[in-house]
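**Student:** My structure file upload_14.csv, CSV, C-alpha atoms and all ligand atoms, is below:
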chain,number,residue,atom,x,y,z
A,118,MET,CA,-92.4,-34.4,-119.3
A,119,THR,CA,-91.3,-36.3,-122.4
A,120,LYS,CA,-92.8,-39.6,-123.2
A,121,PRO,CA,-90.2,-42.3,-122.4
A,122,SER,CA,-89.4,-44.9,-125.0
A,123,PHE,CA,-88.9,-48.5,-123.9
A,124,LYS,CA,-87.7,-49.6,-127.4
A,125,SER,CA,-84.2,-48.2,-127.2
A,126,GLY,CA,-82.5,-51.2,-125.7
A,127,ILE,CA,-81.3,-51.9,-122.2
A,128,ALA,CA,-79.0,-49.0,-121.8
A,129,GLY,CA,-81.7,-46.6,-123.0
A,130,SER,CA,-84.4,-48.0,-120.7
A,131,GLU,CA,-82.0,-47.9,-117.8
A,132,ILE,CA,-81.5,-44.1,-118.4
A,133,THR,CA,-85.3,-43.7,-118.7
A,134,ARG,CA,-85.8,-45.5,-115.5
A,135,LEU,CA,-83.3,-43.3,-113.7
A,136,GLY,CA,-85.0,-40.2,-115.2
A,137,LEU,CA,-88.4,-41.4,-114.1
A,138,TYR,CA,-87.0,-42.1,-110.6
A,139,LEU,CA,-85.5,-38.6,-110.3
A,140,ARG,CA,-88.6,-37.0,-111.8
A,141,ARG,CA,-90.8,-39.0,-109.4
A,142,ARG,CA,-88.6,-37.8,-106.5
A,143,GLU,CA,-89.2,-34.2,-107.7
A,144,LEU,CA,-93.0,-34.9,-107.8
A,145,ILE,CA,-93.0,-36.4,-104.4
A,146,LYS,CA,-91.3,-33.2,-103.2
A,147,THR,CA,-93.8,-31.0,-104.8
A,148,GLY,CA,-96.7,-33.1,-103.6
A,149,LEU,CA,-97.9,-33.8,-107.1
A,150,ALA,CA,-97.3,-37.5,-107.0
A,151,ALA,CA,-100.9,-38.3,-106.1
A,152,SER,CA,-102.4,-36.6,-109.1
A,153,ILE,CA,-100.2,-38.3,-111.7
A,154,GLY,CA,-98.8,-41.2,-109.7
A,155,PHE,CA,-101.0,-43.7,-111.5
A,156,GLY,CA,-99.5,-42.6,-114.8
A,157,LEU,CA,-96.0,-43.3,-113.6
A,158,SER,CA,-96.9,-46.6,-111.9
A,159,GLY,CA,-98.6,-47.6,-115.2
A,160,LEU,CA,-95.4,-47.1,-117.1
A,161,LEU,CA,-93.1,-49.5,-115.4
A,162,PRO,CA,-93.1,-51.9,-112.6
A,163,TYR,CA,-91.9,-50.1,-109.5
A,164,SER,CA,-88.2,-50.8,-108.9
A,165,ALA,CA,-86.5,-49.3,-105.9
A,166,ALA,CA,-82.8,-48.8,-106.1
A,167,ALA,CA,-82.6,-51.4,-103.4
A,168,LYS,CA,-79.3,-52.7,-101.9
A,169,ASP,CA,-78.4,-54.0,-98.6
A,170,THR,CA,-76.5,-51.0,-97.2
A,171,ALA,CA,-74.4,-50.6,-94.1
A,172,ASP,CA,-76.7,-47.8,-92.8
A,173,GLY,CA,-79.8,-50.1,-93.2
A,174,PHE,CA,-81.6,-47.6,-95.5
A,175,LYS,CA,-82.0,-50.2,-98.3
A,176,THR,CA,-82.4,-53.9,-98.7
A,177,ASP,CA,-82.4,-56.1,-101.8
A,178,GLU,CA,-85.1,-58.4,-100.3
A,179,LYS,CA,-88.1,-58.8,-102.5
A,180,LEU,CA,-90.6,-56.0,-102.1
A,181,THR,CA,-94.1,-56.8,-100.7
A,182,PRO,CA,-96.6,-56.3,-103.6
A,183,LYS,CA,-98.1,-52.8,-103.5
A,184,ASP,CA,-101.6,-54.4,-103.4
A,185,SER,CA,-100.8,-56.1,-100.1
A,186,VAL,CA,-99.3,-53.0,-98.6
A,187,LEU,CA,-102.5,-51.1,-99.5
A,188,THR,CA,-105.1,-53.7,-98.4
A,189,TYR,CA,-103.6,-55.6,-95.5
A,190,ASN,CA,-103.4,-53.0,-92.7
A,191,ASN,CA,-103.8,-52.2,-89.0
A,192,PHE,CA,-105.5,-48.9,-88.4
A,193,TYR,CA,-108.1,-49.4,-85.7
A,194,GLU,CA,-109.6,-45.9,-86.2
A,195,PHE,CA,-111.1,-47.5,-89.3
A,196,GLY,CA,-112.0,-50.9,-87.8
A,197,THR,CA,-110.1,-53.9,-86.5
A,198,GLY,CA,-110.2,-56.1,-89.6
A,199,LYS,CA,-107.2,-56.2,-92.0
A,200,SER,CA,-109.3,-54.9,-94.9
A,201,ASP,CA,-111.2,-52.3,-92.8
A,202,PRO,CA,-108.7,-49.5,-93.2
A,203,SER,CA,-108.7,-49.7,-97.1
A,204,SER,CA,-112.5,-50.1,-97.2
A,205,ASN,CA,-113.5,-47.5,-94.6
A,206,SER,CA,-111.0,-44.6,-95.0
A,207,ASP,CA,-112.4,-42.9,-98.1
A,208,LYS,CA,-114.0,-40.1,-96.1
A,209,PHE,CA,-110.8,-39.3,-94.3
A,210,LYS,CA,-109.3,-35.9,-95.4
A,211,PRO,CA,-105.5,-35.8,-95.0
A,212,ARG,CA,-105.3,-32.2,-96.3
A,213,PRO,CA,-105.1,-29.5,-95.2
A,214,TRP,CA,-103.1,-30.9,-92.3
A,215,VAL,CA,-101.1,-29.3,-89.5
A,216,VAL,CA,-98.5,-31.1,-87.3
A,217,GLU,CA,-97.9,-29.4,-84.0
A,218,VAL,CA,-94.5,-29.9,-82.4
A,219,GLY,CA,-94.0,-28.7,-78.9
A,220,GLY,CA,-93.3,-29.5,-75.3
A,221,MET,CA,-89.6,-29.2,-74.1
A,222,VAL,CA,-88.3,-27.4,-77.1
A,223,ALA,CA,-86.9,-23.9,-77.7
A,224,LYS,CA,-89.0,-23.3,-80.8
A,225,PRO,CA,-92.4,-24.9,-80.7
A,226,ALA,CA,-94.1,-24.7,-84.1
A,227,LYS,CA,-97.0,-25.8,-86.2
A,228,PHE,CA,-96.1,-27.2,-89.7
A,229,ASP,CA,-98.4,-27.4,-92.7
A,230,ILE,CA,-97.6,-30.9,-94.0
A,231,ASP,CA,-97.0,-29.7,-97.6
A,232,ASP,CA,-94.7,-26.9,-96.4
A,233,LEU,CA,-92.8,-29.5,-94.5
A,234,ILE,CA,-92.6,-31.9,-97.4
A,235,ARG,CA,-91.2,-29.1,-99.6
A,236,LYS,CA,-88.7,-28.1,-96.9
A,237,MET,CA,-87.3,-31.5,-96.0
A,238,GLN,CA,-85.0,-33.8,-97.8
A,239,ILE,CA,-87.4,-36.5,-99.0
A,240,GLU,CA,-85.6,-39.9,-99.2
A,241,GLU,CA,-86.5,-43.4,-100.2
A,242,ARG,CA,-86.0,-46.1,-97.6
A,243,VAL,CA,-86.7,-49.8,-98.2
A,244,TYR,CA,-87.4,-51.3,-94.8
A,245,ARG,CA,-88.4,-54.7,-93.5
A,246,MET,CA,-91.4,-54.2,-91.3
A,247,ARG,CA,-92.4,-56.7,-88.5
A,248,CYS,CA,-95.8,-56.7,-86.9
A,249,VAL,CA,-96.3,-58.0,-83.3
A,250,GLU,CA,-98.8,-60.4,-84.9
A,251,ALA,CA,-95.9,-62.3,-86.5
A,252,TRP,CA,-96.3,-61.1,-90.1
A,253,SER,CA,-93.8,-59.0,-92.0
A,254,MET,CA,-93.5,-56.9,-95.2
A,255,VAL,CA,-90.8,-55.1,-97.2
A,256,ILE,CA,-91.9,-51.6,-98.0
A,257,PRO,CA,-90.3,-48.8,-100.1
A,258,TRP,CA,-91.1,-45.7,-98.1
A,259,GLN,CA,-90.6,-42.1,-99.0
A,260,GLY,CA,-90.1,-39.6,-96.1
A,261,PHE,CA,-87.7,-37.6,-94.0
A,262,GLN,CA,-85.8,-38.3,-90.9
A,263,LEU,CA,-87.6,-37.5,-87.7
A,264,SER,CA,-84.3,-36.1,-86.4
A,265,GLU,CA,-84.5,-33.4,-89.1
A,266,LEU,CA,-87.9,-32.2,-87.8
A,267,LEU,CA,-86.8,-32.3,-84.2
A,268,LYS,CA,-83.7,-30.2,-85.0
A,269,LEU,CA,-86.0,-27.5,-86.3
A,270,VAL,CA,-87.8,-27.1,-83.0
A,271,GLU,CA,-84.5,-27.4,-80.9
A,272,PRO,CA,-85.1,-29.9,-78.1
A,273,LEU,CA,-84.1,-28.7,-74.6
A,274,GLY,CA,-81.5,-30.5,-72.6
A,275,SER,CA,-84.2,-31.7,-70.2
A,276,ALA,CA,-86.2,-33.5,-73.0
A,277,LYS,CA,-85.7,-37.3,-72.8
A,278,TYR,CA,-88.7,-38.7,-74.7
A,279,VAL,CA,-90.9,-37.9,-77.7
A,280,SER,CA,-94.7,-38.6,-77.7
A,281,PHE,CA,-97.0,-38.8,-80.7
A,282,GLU,CA,-100.7,-38.5,-81.2
A,283,THR,CA,-103.1,-39.5,-84.0
A,284,ALA,CA,-106.0,-37.3,-85.1
A,285,VAL,CA,-109.4,-38.2,-83.6
A,286,ARG,CA,-112.1,-37.6,-86.2
A,287,PRO,CA,-115.3,-39.6,-85.6
A,288,GLN,CA,-116.9,-38.2,-88.7
A,289,GLU,CA,-114.1,-39.5,-90.9
A,290,MET,CA,-112.9,-42.5,-88.9
A,291,PRO,CA,-115.8,-44.9,-88.3
A,292,GLY,CA,-113.8,-47.2,-85.9
A,293,ILE,CA,-113.6,-44.4,-83.3
A,294,SER,CA,-117.3,-44.8,-82.6
A,295,ASP,CA,-117.1,-48.6,-81.9
A,296,VAL,CA,-119.2,-49.3,-78.8
A,297,PHE,CA,-116.4,-51.3,-77.3
A,298,PRO,CA,-113.3,-49.6,-78.5
A,299,VAL,CA,-110.1,-51.5,-78.2
A,300,ILE,CA,-108.0,-48.3,-78.0
A,301,ASP,CA,-108.5,-45.4,-75.6
A,302,TRP,CA,-108.4,-42.7,-78.3
A,303,PRO,CA,-106.3,-40.9,-79.4
A,304,TYR,CA,-103.8,-43.6,-80.5
A,305,ARG,CA,-100.6,-42.6,-78.8
A,306,GLU,CA,-97.0,-43.7,-79.2
A,307,GLY,CA,-93.6,-42.8,-77.8
A,308,LEU,CA,-89.9,-43.1,-78.3
A,309,ARG,CA,-86.8,-42.3,-76.2
A,310,LEU,CA,-85.2,-39.2,-77.6
A,311,ASP,CA,-82.1,-41.1,-78.8
A,312,GLU,CA,-84.4,-43.6,-80.6
A,313,ALA,CA,-86.2,-40.7,-82.2
A,314,MET,CA,-82.9,-39.1,-83.3
A,315,ASN,CA,-81.6,-42.4,-84.8
A,316,PRO,CA,-81.1,-42.0,-88.6
A,317,LEU,CA,-83.3,-45.1,-89.3
A,318,THR,CA,-86.3,-43.4,-87.7
A,319,LEU,CA,-88.5,-42.0,-90.5
A,320,LEU,CA,-91.6,-39.8,-90.9
A,321,ALA,CA,-93.1,-41.3,-94.0
A,322,THR,CA,-95.2,-39.3,-96.4
A,323,GLY,CA,-95.3,-41.8,-99.3
A,324,LEU,CA,-94.8,-45.4,-100.3
A,325,TYR,CA,-94.1,-47.0,-103.6
A,326,GLY,CA,-93.5,-43.5,-105.0
A,327,GLU,CA,-97.0,-42.3,-104.3
A,328,THR,CA,-98.5,-40.0,-101.7
A,329,LEU,CA,-99.4,-42.0,-98.6
A,330,ALA,CA,-102.8,-43.7,-98.8
A,331,ASN,CA,-105.3,-43.0,-96.0
A,332,GLN,CA,-105.1,-46.6,-94.8
A,333,ASN,CA,-101.3,-46.4,-94.4
A,334,GLY,CA,-101.4,-43.2,-92.3
A,335,ALA,CA,-101.8,-40.2,-94.5
A,336,PRO,CA,-100.5,-37.6,-94.6
A,337,VAL,CA,-97.6,-38.5,-92.3
A,338,ARG,CA,-96.8,-41.5,-90.1
A,339,LEU,CA,-93.9,-42.9,-88.1
A,340,VAL,CA,-91.7,-45.8,-89.3
A,341,VAL,CA,-89.3,-47.4,-86.9
A,342,PRO,CA,-88.1,-50.6,-88.6
A,343,TRP,CA,-86.4,-52.3,-85.6
A,344,LYS,CA,-89.6,-52.2,-83.5
A,345,TYR,CA,-92.9,-54.0,-83.8
A,346,GLY,CA,-95.3,-52.3,-86.3
A,347,PHE,CA,-97.6,-50.8,-83.6
A,348,LYS,CA,-94.9,-48.2,-82.9
A,349,GLY,CA,-95.5,-46.8,-86.4
A,350,ILE,CA,-98.2,-44.4,-85.4
A,351,LYS,CA,-100.3,-43.1,-88.3
A,352,SER,CA,-101.9,-39.7,-89.3
A,353,ILE,CA,-99.9,-37.8,-86.7
A,354,ILE,CA,-101.2,-34.4,-85.5
A,355,LYS,CA,-99.1,-33.8,-82.4
A,356,ILE,CA,-95.4,-34.4,-81.4
A,357,THR,CA,-94.4,-33.5,-77.9
A,358,LEU,CA,-91.0,-33.6,-76.2
A,359,THR,CA,-91.1,-34.6,-72.6
A,360,ASP,CA,-89.0,-35.8,-69.6
A,361,GLN,CA,-91.4,-38.6,-68.7
A,362,GLN,CA,-91.8,-41.9,-70.5
A,363,PRO,CA,-95.0,-41.3,-72.6
A,364,ALA,CA,-98.1,-43.4,-72.2
A,365,THR,CA,-98.7,-45.5,-75.4
A,366,ALA,CA,-102.0,-46.8,-76.8
A,367,TRP,CA,-101.2,-50.6,-76.8
A,368,ASN,CA,-99.4,-50.4,-73.4
A,369,MET,CA,-102.5,-48.7,-71.9
A,370,GLN,CA,-104.7,-51.4,-73.5
A,371,ASN,CA,-102.7,-54.4,-72.1
A,372,ALA,CA,-99.4,-53.7,-70.4
A,373,SER,CA,-98.4,-57.3,-70.0
A,374,GLU,CA,-98.6,-57.9,-73.7
A,375,TYR,CA,-97.3,-54.6,-75.2
A,376,GLY,CA,-94.3,-52.8,-73.7
A,377,PHE,CA,-93.0,-49.3,-74.2
A,378,TYR,CA,-89.9,-50.5,-76.1
A,379,ALA,CA,-91.4,-53.1,-78.4
A,380,ASN,CA,-88.1,-53.9,-80.0
A,381,VAL,CA,-88.4,-56.9,-82.4
A,382,ASN,CA,-87.0,-59.8,-80.3
A,383,PRO,CA,-87.4,-63.4,-81.3
A,384,ALA,CA,-86.1,-64.4,-77.8
A,385,VAL,CA,-89.1,-62.9,-75.9
A,386,ASP,CA,-92.5,-64.4,-76.7
A,387,HIS,CA,-95.7,-62.5,-76.7
A,388,PRO,CA,-97.7,-64.1,-73.8
A,389,ARG,CA,-100.1,-65.6,-76.3
A,390,TRP,CA,-97.8,-66.6,-79.2
A,391,SER,CA,-94.2,-67.1,-80.2
A,392,GLN,CA,-92.2,-64.3,-81.8
A,393,ARG,CA,-89.5,-66.6,-83.1
A,394,THR,CA,-90.7,-66.7,-86.7
A,395,GLU,CA,-92.8,-64.5,-89.0
A,396,THR,CA,-94.9,-64.9,-92.2
A,397,ARG,CA,-93.9,-62.7,-95.1
A,398,ILE,CA,-97.1,-61.2,-96.5
A,399,GLY,CA,-97.6,-61.4,-100.3
A,400,SER,CA,-95.1,-64.2,-100.9
A,401,GLY,CA,-95.6,-67.9,-100.5
A,402,SER,CA,-99.2,-69.3,-100.6
A,403,PHE,CA,-101.9,-70.5,-98.2
A,404,PHE,CA,-100.5,-74.1,-98.4
A,405,SER,CA,-96.9,-73.0,-98.3
A,406,PRO,CA,-96.5,-69.8,-96.4
A,407,ASP,CA,-93.2,-67.9,-96.6
A,408,ARG,CA,-92.3,-68.4,-93.0
A,409,ARG,CA,-88.9,-67.1,-91.8
A,410,ASP,CA,-86.9,-66.7,-88.6
A,411,THR,CA,-87.3,-63.3,-86.9
A,412,LEU,CA,-84.1,-61.5,-86.4
A,413,PRO,CA,-83.1,-59.5,-83.2
A,414,PHE,CA,-84.0,-55.8,-83.8
A,415,ASN,CA,-85.6,-57.1,-87.0
A,416,GLY,CA,-82.2,-57.3,-88.6
A,417,TYR,CA,-81.2,-53.8,-87.7
A,418,GLY,CA,-79.0,-54.7,-84.7
A,419,GLU,CA,-75.9,-53.3,-86.3
A,420,GLN,CA,-77.5,-49.9,-86.4
A,421,VAL,CA,-79.4,-49.8,-83.1
A,422,ALA,CA,-78.3,-52.5,-80.6
A,423,GLN,CA,-75.9,-50.0,-78.9
A,424,LEU,CA,-79.0,-47.9,-77.9
A,425,TYR,CA,-79.8,-50.7,-75.4
A,426,SER,CA,-76.5,-51.8,-74.1
A,427,GLY,CA,-76.7,-52.8,-70.5
A,428,MET,CA,-80.5,-53.0,-70.6
A,429,ASN,CA,-82.5,-56.1,-69.8
A,430,LEU,CA,-84.6,-56.5,-73.0
A,431,THR,CA,-86.8,-59.2,-71.4
A,432,LYS,CA,-87.9,-56.8,-68.7
A,433,ASN,CA,-88.0,-53.8,-71.1
A,434,TYR,CA,-90.0,-55.6,-73.8
B,501,LIG,N1,-103.2,-44.4,-85.4
B,501,LIG,C1,-102.9,-45.7,-85.6
B,501,LIG,N2,-101.6,-46.0,-85.9
B,501,LIG,C2,-101.3,-47.3,-86.1
B,501,LIG,C3,-102.2,-48.4,-85.8
B,501,LIG,C4,-103.5,-48.0,-85.4
B,501,LIG,O1,-104.4,-48.9,-85.2
B,501,LIG,N3,-103.8,-46.7,-85.3
B,501,LIG,N4,-101.8,-49.7,-86.0
B,501,LIG,C5,-100.3,-50.0,-85.9
B,501,LIG,C6,-100.0,-51.4,-86.2
B,501,LIG,S1,-100.4,-52.6,-85.1
B,501,LIG,C7,-99.3,-51.7,-87.4
B,501,LIG,S2,-98.7,-53.3,-87.7
B,501,LIG,C8,-98.9,-50.6,-88.4
B,501,LIG,C9,-99.4,-51.1,-89.8
B,501,LIG,O2,-99.1,-50.2,-90.8
B,501,LIG,P1,-99.5,-50.5,-92.3
B,501,LIG,O3,-100.9,-50.8,-92.3
B,501,LIG,O4,-99.2,-49.2,-93.1
B,501,LIG,O5,-98.7,-51.6,-92.8
B,501,LIG,O6,-99.6,-49.4,-88.1
B,501,LIG,C10,-99.5,-49.0,-86.7
B,501,LIG,N5,-100.0,-47.7,-86.6
B,502,MO,MO,-99.0,-54.5,-85.7
Would you put the structure from the file into structure tokens?

**Tutor:**
Amino acid sequence: MTKPSFKSGIAGSEITRLGLYLRRRELIKTGLAASIGFGLSGLLPYSAAAKDTADGFKTDEKLTPKDSVLTYNNFYEFGTGKSDPSSNSDKFKPRPWVVEVGGMVAKPAKFDIDDLIRKMQIEERVYRMRCVEAWSMVIPWQGFQLSELLKLVEPLGSAKYVSFETAVRPQEMPGISDVFPVIDWPYREGLRLDEAMNPLTLLATGLYGETLANQNGAPVRLVVPWKYGFKGIKSIIKITLTDQQPATAWNMQNASEYGFYANVNPAVDHPRWSQRTETRIGSGSFFSPDRRDTLPFNGYGEQVAQLYSGMNLTKNY
């Protein structure tokens, strides 16, 4: 790799930037990003080629600072505090890692995560993320469409839903051994098959151009930008196609507060707080928080509203 020069004027640095971007994509593909990622991120401020696009894959909204994305997390396997996942996940070993995909499919298979990353088209998606706790972020993810993985295993006509499970490793995940666990492990999630096949639905393997950190769900996690953050199950080991609506961790924990659909919906309050507005993390200040109106389907209505036509979204929250 040649050392880029930033002294060659605007045109030159733009070319360098594009070169780095393409090179970084290559590195992400070959799984080398972790080992030299710090070098790249030291060279220039991360700049995603972000534009608001008709397909919803990009947005030109300001990115949430990487530091916030890495330290303000929900990942109860490592504790319930926002800083617990970044503080307590250093023992977690995201490699080697196998994802098992089975159930109602013609070709069940076990995929080594690095084989999968080499095989799939790794893309960058800049998504707005909205947590059920009324905060939000804008994150540049790298990953591949869940639909591409599901196509490999050939879902049967009888399959209607997809269920997901997180690894359970008490030795590596200290929160699992909490005396009064909030979640009945393993953490589980589910989607309807058409939601899973929607092009917005991503399996993320990186963010900010670097291999996914443990606290963000290494080595592979779900990202569904029109749903509340808890649908984005982390550190996935198992994906199962079924004809029954899957049990989900938060619905099992408290069904009146967390539904199966969990579509971002400002018109339906959580029983204990409003969902009408959200606080954007990493922008604004304590005295003047960046508070905004929450949009139906988190602003992705154009892409996904038709999945729910005729459904009562107050009942199916
Ligand atoms: N396995 C697992 N996945 C999980 C969670 C969890 O506790 N365990 N928390 C969810 C919640 S509530 C949110 S908001 C997102 C947060 O993702 P982030 O920390 O990468 O922003 O992860 C989701 N995925
Ligand atoms: Mo969340």

**Student:** Can you check which parts of chain A lie within 10 Å of ligand MO 502 (chain B)? Per residue, the shortest pair of atoms and distance in Å to one decimal, counting all atoms listed in the file, sorted by chain and number, as a Markdown table.

**Tutor:**
| residue | atom | partner | partner_atom | distance |
| --- | --- | --- | --- | --- |
| A:Asn190 | CA | B:MO502 | MO | 8.4 |
| A:Asn191 | CA | B:MO502 | MO | 6.3 |
| A:Phe192 | CA | B:MO502 | MO | 9.0 |
| A:Met246 | CA | B:MO502 | MO | 9.4 |
| A:Arg247 | CA | B:MO502 | MO | 7.5 |
| A:Cys248 | CA | B:MO502 | MO | 4.1 |
| A:Val249 | CA | B:MO502 | MO | 5.0 |
| A:Glu250 | CA | B:MO502 | MO | 6.0 |
| A:Ala251 | CA | B:MO502 | MO | 8.4 |
| A:Trp252 | CA | B:MO502 | MO | 8.4 |
| A:Ser253 | CA | B:MO502 | MO | 9.3 |
| A:Lys344 | CA | B:MO502 | MO | 9.9 |
| A:Tyr345 | CA | B:MO502 | MO | 6.4 |
| A:Gly346 | CA | B:MO502 | MO | 4.3 |
| A:Phe347 | CA | B:MO502 | MO | 4.5 |
| A:Lys348 | CA | B:MO502 | MO | 8.0 |
| A:Gly349 | CA | B:MO502 | MO | 8.5 |
| A:Trp367 | CA | B:MO502 | MO | 10.0 |

**Student:** For atom CA of A:Glu271 and atom CA of A:Asp360, quote the distance in Å rounded to one decimal.

**Tutor:**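 Separation between atom CA of A:Glu271 and atom CA of A:Asp360: 14.8 Å.
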
**Student:** Within 8 Å of A:Lys227, counting only C-alpha atoms, which residues qualify if same-chain residues fewer than 5 places away don't, as a list in words?

**Tutor:**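 The residues that qualify are Val215, Val216, Glu217 and Val218 of chain A.
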
**Student:** Give me a file of those residues, with C-alpha atoms, as a CSV table (one decimal), keeping the file's coordinate frame.

**Tutor:**
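Saved the output as selection_19.csv:
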chain,number,residue,atom,x,y,z
A,215,VAL,CA,-101.1,-29.3,-89.5
A,216,VAL,CA,-98.5,-31.1,-87.3
A,217,GLU,CA,-97.9,-29.4,-84.0
A,218,VAL,CA,-94.5,-29.9,-82.4

**Student:** Leaving out stretch 177-180 of chain A and any residue of its chain fewer than 3 positions from it, which residues lie within 8 Å of it when counting all atoms listed in the file, given as a list in words?

**Tutor:** Ala167, Lys168, Asp169, Met254, Val255, Ile256 and Pro257 of chain A

**Student:** What is the atom CA of A:Ala422 to atom CA of A:Tyr304 distance in Å?

**Tutor:**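 Here the two named atoms are 27.0 Å from each other.
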
**Student:** For A:Val421, which residue out of A:Gly173, A:Met369, A:Ser185, A:Leu329 is the nearest one, using all atoms listed in the file?

**Tutor:**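 The closest residue to A:Val421 is A:Gly173.
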
**Student:** Report, in Å to a single decimal, how far apart atom CA of A:Asp231 and atom CA of A:Val285 are.

**Tutor:**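 Computed distance, atom CA of A:Val285 to atom CA of A:Asp231, equals 20.5 Å.
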
**Student:** Let me make sure I understand: among A:Gln423, A:Asn333, A:Leu324, A:Ala364, which one has the smallest atom-to-atom distance to A:Ser203 if we use all atoms listed in the file?

**Tutor:**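 The closest residue to A:Ser203 is A:Asn333.
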
**Student:** Write out as a list in words each polymer residue whose atoms come within 9 Å of stretch 402-414 of chain A, counting only C-alpha atoms; drop sequence neighbours fewer than 4 positions from it.

**Tutor:** Arg247, Ala251, Trp252, Pro342, Trp343, Lys344, Asn380, Val381, Asn382, Pro383, Ala384, Gln392, Arg393, Thr394, Glu395, Thr396, Arg397, Ile398, Gly418, Glu419, Val421 and Ala422 of chain A

**Student:** Quick one: of A:Lys355, A:Lys199, A:His387, A:Arg235, who's nearest to ligand LIG 501 (chain B), counting all atoms listed in the file?

**Tutor:**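 Checking each of A:Lys355, A:Lys199, A:His387, A:Arg235 against ligand LIG 501 (chain B), counting all atoms listed in the file, the winner is A:Lys199.
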
**Student:** Do you know which residues lie at most 10 Å from (-86.3, -43.2, -82.7), with coordinates as in the file and only C-alpha atoms counted, and could you write them as a ChimeraX atom specification?

**Tutor:** /A:262-264,278-279,307-319,339-344,348,421,424

**Student:** Residues of the last selection are to be written out with C-alpha atoms, as an mmCIF file, in the frame of the given file.

**Tutor:**
data_model
loop_
_atom_site.group_PDB
_atom_site.id
_atom_site.type_symbol
_atom_site.label_atom_id
_atom_site.label_comp_id
_atom_site.auth_asym_id
_atom_site.auth_seq_id
_atom_site.Cartn_x
_atom_site.Cartn_y
_atom_site.Cartn_z
ATOM 1 C CA GLN A 262 -85.800 -38.300 -90.900
ATOM 2 C CA LEU A 263 -87.600 -37.500 -87.700
ATOM 3 C CA SER A 264 -84.300 -36.100 -86.400
ATOM 4 C CA TYR A 278 -88.700 -38.700 -74.700
ATOM 5 C CA VAL A 279 -90.900 -37.900 -77.700
ATOM 6 C CA GLY A 307 -93.600 -42.800 -77.800
ATOM 7 C CA LEU A 308 -89.900 -43.100 -78.300
ATOM 8 C CA ARG A 309 -86.800 -42.300 -76.200
ATOM 9 C CA LEU A 310 -85.200 -39.200 -77.600
ATOM 10 C CA ASP A 311 -82.100 -41.100 -78.800
ATOM 11 C CA GLU A 312 -84.400 -43.600 -80.600
ATOM 12 C CA ALA A 313 -86.200 -40.700 -82.200
ATOM 13 C CA MET A 314 -82.900 -39.100 -83.300
ATOM 14 C CA ASN A 315 -81.600 -42.400 -84.800
ATOM 15 C CA PRO A 316 -81.100 -42.000 -88.600
ATOM 16 C CA LEU A 317 -83.300 -45.100 -89.300
ATOM 17 C CA THR A 318 -86.300 -43.400 -87.700
ATOM 18 C CA LEU A 319 -88.500 -42.000 -90.500
ATOM 19 C CA LEU A 339 -93.900 -42.900 -88.100
ATOM 20 C CA VAL A 340 -91.700 -45.800 -89.300
ATOM 21 C CA VAL A 341 -89.300 -47.400 -86.900
ATOM 22 C CA PRO A 342 -88.100 -50.600 -88.600
ATOM 23 C CA TRP A 343 -86.400 -52.300 -85.600
ATOM 24 C CA LYS A 344 -89.600 -52.200 -83.500
ATOM 25 C CA LYS A 348 -94.900 -48.200 -82.900
ATOM 26 C CA VAL A 421 -79.400 -49.800 -83.100
ATOM 27 C CA LEU A 424 -79.000 -47.900 -77.900
#

**Student:** Counting all atoms listed in the file, which of A:Leu320, A:Val385, A:Val186, A:Leu358 gets nearest to ligand LIG 501 (chain B)?

**Tutor:**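 Distance minimum relative to ligand LIG 501 (chain B) lands on A:Val186.
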
**Student:** Select, from A:Ile293, A:Ala379, A:Ile300, A:Leu233, the residue with the minimum atom-to-atom distance to A:Asn205, counting only C-alpha atoms.

**Tutor:** A:Ile293

**Student:** Determine, counting only C-alpha atoms, every residue of protein, DNA or RNA that lies within 12 Å of (-84.2, -23.6, -76.9) in the file coordinates, then give the result as a ChimeraX atom specification.

**Tutor:** /A:219-225,267-276

**Student:** Compare A:Phe297, A:Trp258, A:Tyr378, A:Tyr417 by their minimum atom-to-atom distance to A:Thr322, counting all atoms listed in the file, and give me the closest one.

**Tutor:** A:Trp258

**Student:** Just want the 6 Å neighbourhood of A:Ile354, counted on all atoms listed in the file, with same-chain residues fewer than 6 positions away dropped. Output as a count of residues only.

**Tutor:** 4
